[in-house]
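Here the structure is laid out as structure tokens; the discussion comes afterwards.
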Amino acid sequence: MGELLEVKNVSKSYKTFALKDISFTLPKGYIMGYVGPNGSGKTTTLNLITGIQKCSDGEITIDGITCGEDMAAYRDCIGYVGDESYFPDNFTIRHIRRILKRFYATFSTEKFDGFVREWNLPEKKQIKDFSRGMKVMLMFASVFSRETRLLVLDEATNGLDPMMRVNILKLLQEYVMDGEHSVIFSTHILSDLEQIADYIYFIHEGRTVLYDTKDELIESFLLVKGDRADITPALRDELIGLEENAYGFEALLPADKAELLGSAYSFEKPNIDQIVVHYILNRGRQGEKV
């Protein structure tokens, strides 16, 4: 299993924020969910991967190539879709088709026009008159119509209706099916990642919190509920993101600490959303303890 994307000890410093020592690999044929709260460093990381920004330290390679070694080949490997349109407002689909054909040797007019028809994108309207969802689908049409190796998606399914999101998630799964392509996908819609992600990378305040396969991550924790009065001191020390209310409590517990649970508690496997929420609660209340 070859690695398509390698991020090695990457850091980026600003006056008010620092991305610190981010490292992960994404094998060919897999999808990574890149998650965290607003301001955690997700977009900064993705901008470093696409070459929009340069690392302060560390190195990023796509299929063995760094941006510094061969910028054109590196960027040709990437298809990017964000939450805001990068097409000029006064352009129409005709203008975009012409420019994509000029700039990308692998661009397929046939594929592009097929997506435009399938998604009912208006040919003659200017981009400024498109709905948010139409703008997002136009960006997807542009990247799915040329040969790329890595899709970098930054909140790309925001603004899409449920059926269009289902359509896009299916296309992403098809994109990686041949074992030669990969996707890194930042989103707040964590139910999307439940469906398609193979790996989860959780970042908070510029630092790594969790990084594992989705299945291993879910198996690593229990979502515990019960009466607050039943929490023993030993259990309280191990609970992550303890949330108490008038009806009881809810928290994460590492699965290897399950022996601390008695019959007074109920527990189940958490979903990705619950893992992220409880870790954020934990960091907010207990500093750097994770």
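As shown in the structure tokens, the chain order sets the letters A, B, ...; within each chain, residues go from 1, and ligands are also counted from 1 in the order they appear.
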**Residues within 10 Å of Phe17 of chain A, only C-alpha atoms, excluding chain neighbours under 5 positions, as a count of residues only** = 6
**Asked** Where does DSSP see strand (DSSP E or B) in segment 155-221 of chain A, if you list the residues as number ranges by chain?
**Response** A: 182-186, 199-204, 207-213, 221
**Message:** One number please: atom CA of Glu194 of chain A to atom CA of Leu4 of chain A, in Å, one decimal.
**Reply:** 22.1 Å
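Nearest-residue note for Ile272 of chain A: choosing from A:Val35, A:Met163, A:Met71, A:Val152, the minimum distance belongs to A:Val35, counting only C-alpha atoms.
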**Prompt:** Could you name the residues that touch Thr208 of chain A at 10 Å or less, counting only C-alpha atoms, but leaving out those on the same chain fewer than 3 positions away, as a list in words?
**Reply:**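 So the residues in contact are Leu19, Lys20, Asp21, Ile22, Ser23, Phe24, Gly36, Ser40, Gly41, Tyr201, Phe202, Ile203, His204, Glu205 and Tyr211 of chain A.
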For C-alpha atoms, I'd like the residues from the last selection saved as a compact mmCIF listing (two decimals), in the first residue's frame.
# COMPACT_ATOMS: atom_id res chain seq x y z
CA LEU A 19 0.28 25.06 13.54
CA LYS A 20 2.64 22.73 15.40
CA ASP A 21 4.37 19.56 14.19
CA ILE A 22 1.57 18.04 12.10
CA SER A 23 2.41 14.61 10.68
CA PHE A 24 0.31 12.01 8.89
CA GLY A 36 -11.64 20.07 14.43
CA SER A 40 -8.10 24.77 14.89
CA GLY A 41 -5.81 24.85 11.83
CA TYR A 201 -7.30 13.21 11.86
CA PHE A 202 -8.48 15.46 14.70
CA ILE A 203 -6.71 18.77 15.19
CA HIS A 204 -7.35 21.38 17.90
CA GLU A 205 -5.55 24.68 18.51
CA TYR A 211 -5.15 10.20 14.36
**Prompt:** Contacts of Leu26 of chain A at 7 Å or less, counting only C-alpha atoms, minus same-chain residues fewer than 6 places along, as JSON, numbers by chain?
**Reply:** {"A": [3, 4, 5, 6]}
**Message:** Taking only segment 103-252 of chain A into account, list the residues labelled helix (DSSP H, G or I) by DSSP (computed from the backbone), as number ranges by chain.
**Reply:** A: 103, 109-118, 127-129, 132-144, 162-176, 190-196, 214-219, 228-230, 233-238
**Prompt:** For Arg149 of chain A, which of A:Asn38, A:Asn167, A:Ser182, A:Thr232 is the closest residue, counting only C-alpha atoms?
**Reply:**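 The answer is A:Ser182, which sits nearest to Arg149 of chain A.
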**Item:** Shell of 8 Å around segment 257-267 of chain A, only C-alpha atoms, local chain residues under 4 positions omitted, as a PyMOL selection string
**Value:** chain A and resi 222-227+230+234-235+238+253
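In terms of minimum interatomic distance to Thr92 of chain A, A:Lys124 ranks closest within A:Lys15, A:Arg75, A:Arg236, A:Lys124, counting only C-alpha atoms.
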**Close residues, Met139 of chain A itself excluded, 9 Å, only C-alpha atoms, min 3 positions apart in chain, as a list in words** = Tyr80, Val81, Gly82, Ser85, Tyr86, Phe87, Met134, Lys135, Val136, Ser142, Val143 and Phe144 of chain A
**Request:** Using only C-alpha atoms, determine which residues lie at most 9 Å from Thr109 of chain A, disregarding the query and same-chain residues fewer than 6 positions distant; provide the list as a PyMOL selection string.
**Result:** chain A and resi 97+100-101+145
**Prompt:** In terms of the shortest atom-to-atom distance over only C-alpha atoms, which of A:Phe140, A:Phe107, A:Tyr199, A:Phe115 is closest to Leu153 of chain A?
**Reply:** A:Phe140
**Prompt:** So which one's closest to Gly58 of chain A, A:Ile189, A:Val10, A:Leu169, A:Val116? Using only C-alpha atoms, please.
**Reply:** A:Val10
